[in-house]
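Student: Pasting in a structure now, in structure tokens, and then I'll have a few things to ask.
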Amino acid sequence: MGSTGARTTQGSGETDWRTPAEVSGYRTTPDYDETIAFLERLVEADPHRVHIEDFGRTGEGRPLKIVVASRDGTFDPERIRASGRAILLVQNSIHAGEMDGKDACLALLRDLVRDPEQARLLEHVVLVVIPVYNIDGHERRSAYSRINQNGPELAGWRANATNLNLNRDYLKADAPETRAFLRMFHRWLPDFFVDNHVTDGADFQYDVTFALDATPDVFPPTAEWVRSSVTPELVRRVNAAGHLAFPAAIFLRDASDPSKGLAFNENPPHFSTGQMILENRPGLLVELHMLKEYRTRVTGAHEILRAVLEVMNRDTAKLIALNGAADRAAAALGSRGEAAERFPLILESDGETVPTLFLGREFQRERSEVSGAMALRYGSRFAPMTVPMETAVRAAVSVRPPAGYIVPPQWTRVIGVLEAHEVSLRRTTATWTGPVERYCCTGMEWPGRPFEGHHPILRGGNVEREMGHFGTCTLRTEQGTFPAGSVVAPLDQRLSKVVLHWLEPEAPDSALRWGFFDPIFEQKESGEAYVLEELALQKVRADPAMRSEFEQRVRSDPLFAKSPEARLGFFYDRSPWGLANRVGEYPVGRLPTLAGLPLG
Ligand SMILES: [Zn+2]
């Protein structure tokens with residue numbers, strides 16, 4: 001809305017370098033064209049330190065852009081790395097109703113090139129900013145996008161133009177935006193990543209909340225640096241600037257009762273910062289508090305970004321060395337064979353909590369006239385409270401990494417996702433038969449309603465509700481035969497965790513959970529009732545073990561007992577004809593070694 005005031009001048013003919021949000025007194029946020037116009041003015045004024053480039057297109061065809069700030073005009077990632085500088089990538093408006101980080105970045109970029117004191121933050125760091133990631137959502141502007149949020153007047157939409165939440169799409173990579181992001185990310189291969197959001201959920205005093213993973217799936221020395229050195233420094237600097245920071249994304253254990261405390265928040269790789277764990281890079285989730293006024297949120301985002309730049313300038317060589325070591329550790333994941341440590345795929349709270357001072361808001365709980373449940377009503381004053389906080393985590397699901405995986409070539413969509421992630425793949429040049437471990441899966445239940453364009457079997461957690469039910473997958477060793485052109489994904493590469501998370505069925509965002517292998521659960525042949533009668537009678541008479549299993553099932557399962565189809569199907573499923581359907585046989589092989597494969 002309105003003009004950016006971009007070309008206006010103040011007093012003595014000085015150009016007005018206020019951002020559009022600053023010009024409006026933080027009443028409004030600029031649309032995409034105004035945002036890019038402001039950035040292009042910066043480039044025009046200082047082409048030797050600011051640079052804009054495209055990295056793909058959105059679903060509606062808008063060019064995706066990054067802005068690079070580099071003190072000496074080096075805008076090539078290879079040359080930047082060779083100069084020993086670290087690269088910071090900041091992503092804004094993946095949820096385009098949450099545009100605080102965009103307006104903070106306009107001010108940050110302006111300061112870095114216009115203010116000599118701030119310019120020192122580019123000494124050892126190059127800043128790469130995605131001003132708006134979900135551009136199509138950003139341009140769906142309305143006063144009714146975010147009922148929970150305190151301004152600005154118009155805000156964009158959470159999802160992209162096909163109504164996909166891009167912050168659930170990182171591993172499965174359905175959206176063109178995600179595929180463009182992955183290419184751009186690997187070209188720049190940043191040393192540190194920030195994703196700016198605005199909260200949903202509880203009310204409290206903090207305006208800047210943030211989370212930086214130090215969980216058991218993070219390279220341990222990086223986790224130690226994050227825990228002991230980065231997180232406390234970010235809190236200290238943000239607070240010193242007059243804001244109030246809390247070093248966790250705040251999820252109440254009971255949404256209607258803050259006194260029950262704070263929950264551990266899983267970070268699976270459908271999230272940007274979960275994807276960063278697979279990329280072996282620190283990924284900072286920033287969540288500005290939705291109920292604070294827009295000025296407070298934007299300046300809070302600005303302060304934490306400045307604090308990240310301070311830390312990266314302080315620890316440049318250490319950070320670059322940690323990332324290199326993390327890449328090498330990831331490339332060694334599959335090299336240990338039977339002796340390999342198990343890699344955690346799903347983490348959960350171990351139930352232990354520590355009492356934590358939490359600056360919340362006073363509240364009452366009362367029976368709701370509308371919902372009938374206990375409802376939370378916040379009071380007018382902030383209130384310090386000591387609440388239990390889940391801190392310790394354990395692996396709920398873990399796996400021993402193999403040397404690699406082999407995927408039959410007909411599973412093109414599954415392979416396509418690995419290609420989108422730029423995983424290093426090889427193809428077999430001839431039919432190959434050899435020892436593999438393969439899963440057989442049963443007991444899956446799919447949810448009736450869609451989620452992100454699929455009917456996935458997803459685990460619970462603080463963000464996603466439980467969807468469907470993951471049964472069991474049992475591993476067995478067998479001689480597998482794979483056609484020529486099968487895809488081999490070795491784990492001796494920096495993206496080994498992408499391979500593990502996509503191809504291990506029980507991983508939280510696996511291809512199997514997202515439905516890419518749904519056809520393996522379909523029974524394609526069956527028997528007519530009058531044919532199965534013969535088979536069933538014969539088994540009941542001749543096979544006492546099967547007969548007693550059948551009778552036990554009839555006694556214990558009333559639905560089964562009442563269904564003539566299920567009773568006959570019991571005998572078909574156990575017959576050679578039934579087994580020929582191969583229902584639940586997962587086609588991907590776990591390779592104990594790559595030796596002996598015809599890899600051309
Ligand atoms: Zn968000």
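Identifiers in this document derive from the order of the structure tokens: chains are assigned A, B, ..., residues are numbered from 1 separately in each chain, and ligands are numbered from 1 in order of occurrence.
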Grab me every residue within 12 Å of ligand 1, counting only C-alpha atoms and all ligand atoms, and send it over as number ranges by chain.
Tutor: A: 91-101, 133-134, 146, 149, 156-159, 165-168, 195-201, 249, 271-273, 285-290, 463
Student: Would you list, as JSON, numbers by chain, the residues of region 297-531 of chain A that end up in alpha helix (DSSP H) under DSSP run on this structure's backbone?
Tutor: {"A": [297, 298, 299, 300, 301, 302, 303, 304, 305, 306, 307, 308, 309, 310, 311, 312, 313, 314, 316, 317, 318, 319, 320, 321, 322, 323, 324, 325, 326, 327, 328, 329, 330, 331, 412, 413, 414, 415, 416, 417, 418, 419, 420, 496, 497, 498, 499, 500, 501, 502, 503, 529, 530, 531]}
Student: I need the residues from that last selection saved to file as a CSV table (one decimal), in the first residue's frame (with C-alpha atoms), if you can.
Tutor:
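Generated output (selection_3.csv):
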chain,number,residue,atom,x,y,z
A,297,ARG,CA,9.1,-7.5,16.4
A,298,VAL,CA,11.0,-6.1,13.4
A,299,THR,CA,13.6,-4.5,15.6
A,300,GLY,CA,13.9,-7.7,17.6
A,301,ALA,CA,14.5,-9.7,14.4
A,302,HIS,CA,17.1,-7.1,13.4
A,303,GLU,CA,18.9,-7.5,16.8
A,304,ILE,CA,19.2,-11.2,16.7
A,305,LEU,CA,20.5,-11.1,13.1
A,306,ARG,CA,23.1,-8.6,14.2
A,307,ALA,CA,24.0,-10.9,17.1
A,308,VAL,CA,24.4,-13.8,14.7
A,309,LEU,CA,26.7,-11.7,12.6
A,310,GLU,CA,28.7,-10.8,15.7
A,311,VAL,CA,29.1,-14.5,16.7
A,312,MET,CA,30.1,-15.5,13.1
A,313,ASN,CA,32.7,-12.7,12.9
A,314,ARG,CA,34.1,-13.8,16.3
A,316,THR,CA,34.7,-17.5,11.7
A,317,ALA,CA,37.5,-20.0,11.4
A,318,LYS,CA,36.0,-22.3,14.1
A,319,LEU,CA,32.6,-22.4,12.4
A,320,ILE,CA,34.1,-23.1,9.0
A,321,ALA,CA,36.2,-25.9,10.6
A,322,LEU,CA,33.2,-27.4,12.4
A,323,ASN,CA,31.1,-27.5,9.2
A,324,GLY,CA,33.9,-29.2,7.3
A,325,ALA,CA,34.3,-31.8,10.1
A,326,ALA,CA,30.5,-32.3,10.2
A,327,ASP,CA,30.5,-33.0,6.5
A,328,ARG,CA,33.3,-35.5,6.9
A,329,ALA,CA,31.5,-37.2,9.8
A,330,ALA,CA,28.3,-37.5,7.7
A,331,ALA,CA,30.3,-39.0,4.8
A,412,THR,CA,11.0,-42.5,-10.3
A,413,ARG,CA,9.3,-40.1,-7.9
A,414,VAL,CA,11.3,-41.5,-5.0
A,415,ILE,CA,14.5,-41.1,-7.0
A,416,GLY,CA,13.4,-37.7,-8.2
A,417,VAL,CA,13.4,-36.4,-4.6
A,418,LEU,CA,17.0,-37.6,-4.1
A,419,GLU,CA,18.0,-35.9,-7.3
A,420,ALA,CA,16.2,-32.7,-6.2
A,496,SER,CA,24.2,-39.2,3.8
A,497,LYS,CA,21.5,-38.1,6.3
A,498,VAL,CA,19.2,-37.0,3.5
A,499,VAL,CA,19.4,-40.6,2.1
A,500,LEU,CA,18.8,-42.2,5.5
A,501,HIS,CA,15.8,-39.9,6.3
A,502,TRP,CA,14.2,-40.4,2.8
A,503,LEU,CA,14.7,-44.2,2.5
A,529,ALA,CA,-15.6,-66.7,-2.5
A,530,TYR,CA,-16.6,-70.0,-4.0
A,531,VAL,CA,-12.9,-70.7,-4.9
Student: Give me, as a list in words, all polymer residues having an atom no more than 7 Å from region 581-592 of chain A, counting only C-alpha atoms and skipping those fewer than 2 positions away in the same chain.
Tutor: Gly337, Pro402, Ala403, Gly404, Tyr405, Ile406, Val407, Pro408, Val436, Glu437, Arg438, Tyr439, Cys440, Cys441, Thr442, Ile520, Phe521, Glu522, Gln523, Lys524, Glu525, Gly578, Leu579 and Leu594 of chain A
Student: Between A:Arg71, A:Gln552, A:Pro519, A:Thr474, which one has atoms that come closest to Gln118 (chain A), using only C-alpha atoms?
Tutor: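 Of the candidates, the smallest distance to Gln118 (chain A) is held by A:Arg71.
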Student: Name all residues at most 9 Å from region 72-77 of chain A (count only C-alpha atoms; drop same-chain ones fewer than 2 positions away) and give them as a short mmCIF file (atom, residue, chain, number, x, y, z; two decimals) with N, CA and C atoms, in the first residue's frame.
Tutor:
data_model
loop_
_atom_site.label_atom_id
_atom_site.label_comp_id
_atom_site.auth_asym_id
_atom_site.auth_seq_id
_atom_site.Cartn_x
_atom_site.Cartn_y
_atom_site.Cartn_z
N PRO A 47 26.96 -0.73 -5.79
CA PRO A 47 27.02 -2.01 -6.53
C PRO A 47 28.25 -2.84 -6.18
N HIS A 48 29.21 -2.26 -5.50
CA HIS A 48 30.40 -3.02 -5.13
C HIS A 48 30.23 -3.77 -3.82
N ARG A 49 29.11 -3.56 -3.14
CA ARG A 49 28.89 -4.32 -1.92
C ARG A 49 27.54 -5.04 -1.87
N VAL A 50 26.61 -4.68 -2.75
CA VAL A 50 25.30 -5.35 -2.74
C VAL A 50 24.98 -5.84 -4.15
N HIS A 51 24.35 -7.00 -4.19
CA HIS A 51 24.13 -7.66 -5.48
C HIS A 51 22.85 -8.48 -5.34
N VAL A 68 22.88 -10.31 -1.89
CA VAL A 68 24.17 -10.66 -1.29
C VAL A 68 24.86 -9.36 -0.86
N ALA A 69 25.35 -9.33 0.38
CA ALA A 69 26.16 -8.20 0.85
C ALA A 69 27.55 -8.72 1.15
N SER A 70 28.54 -8.17 0.43
CA SER A 70 29.91 -8.65 0.53
C SER A 70 30.83 -7.43 0.50
N ARG A 79 34.75 -18.14 -4.57
CA ARG A 79 35.81 -17.17 -4.23
C ARG A 79 35.64 -16.66 -2.80
N ILE A 80 34.38 -16.57 -2.35
CA ILE A 80 34.15 -16.16 -0.96
C ILE A 80 34.73 -17.20 -0.01
N ARG A 81 34.45 -18.48 -0.31
CA ARG A 81 34.98 -19.55 0.54
C ARG A 81 36.52 -19.53 0.53
N ALA A 82 37.08 -19.30 -0.66
CA ALA A 82 38.54 -19.29 -0.77
C ALA A 82 39.14 -18.15 0.05
N ILE A 87 29.63 -17.73 5.28
CA ILE A 87 28.42 -17.28 4.58
C ILE A 87 27.21 -17.50 5.49
N VAL A 126 29.89 -13.01 4.74
CA VAL A 126 29.08 -12.53 3.61
C VAL A 126 27.63 -12.89 3.93
N ARG A 187 24.66 -24.33 -4.06
CA ARG A 187 25.61 -23.45 -4.75
C ARG A 187 26.33 -22.57 -3.72
N TRP A 188 25.58 -22.04 -2.75
CA TRP A 188 26.17 -21.16 -1.74
C TRP A 188 26.75 -21.94 -0.57
N LEU A 189 26.16 -23.08 -0.27
CA LEU A 189 26.53 -23.89 0.89
C LEU A 189 26.91 -23.02 2.10
N PRO A 190 25.90 -22.32 2.65
CA PRO A 190 26.18 -21.38 3.74
C PRO A 190 26.69 -22.09 4.99
#
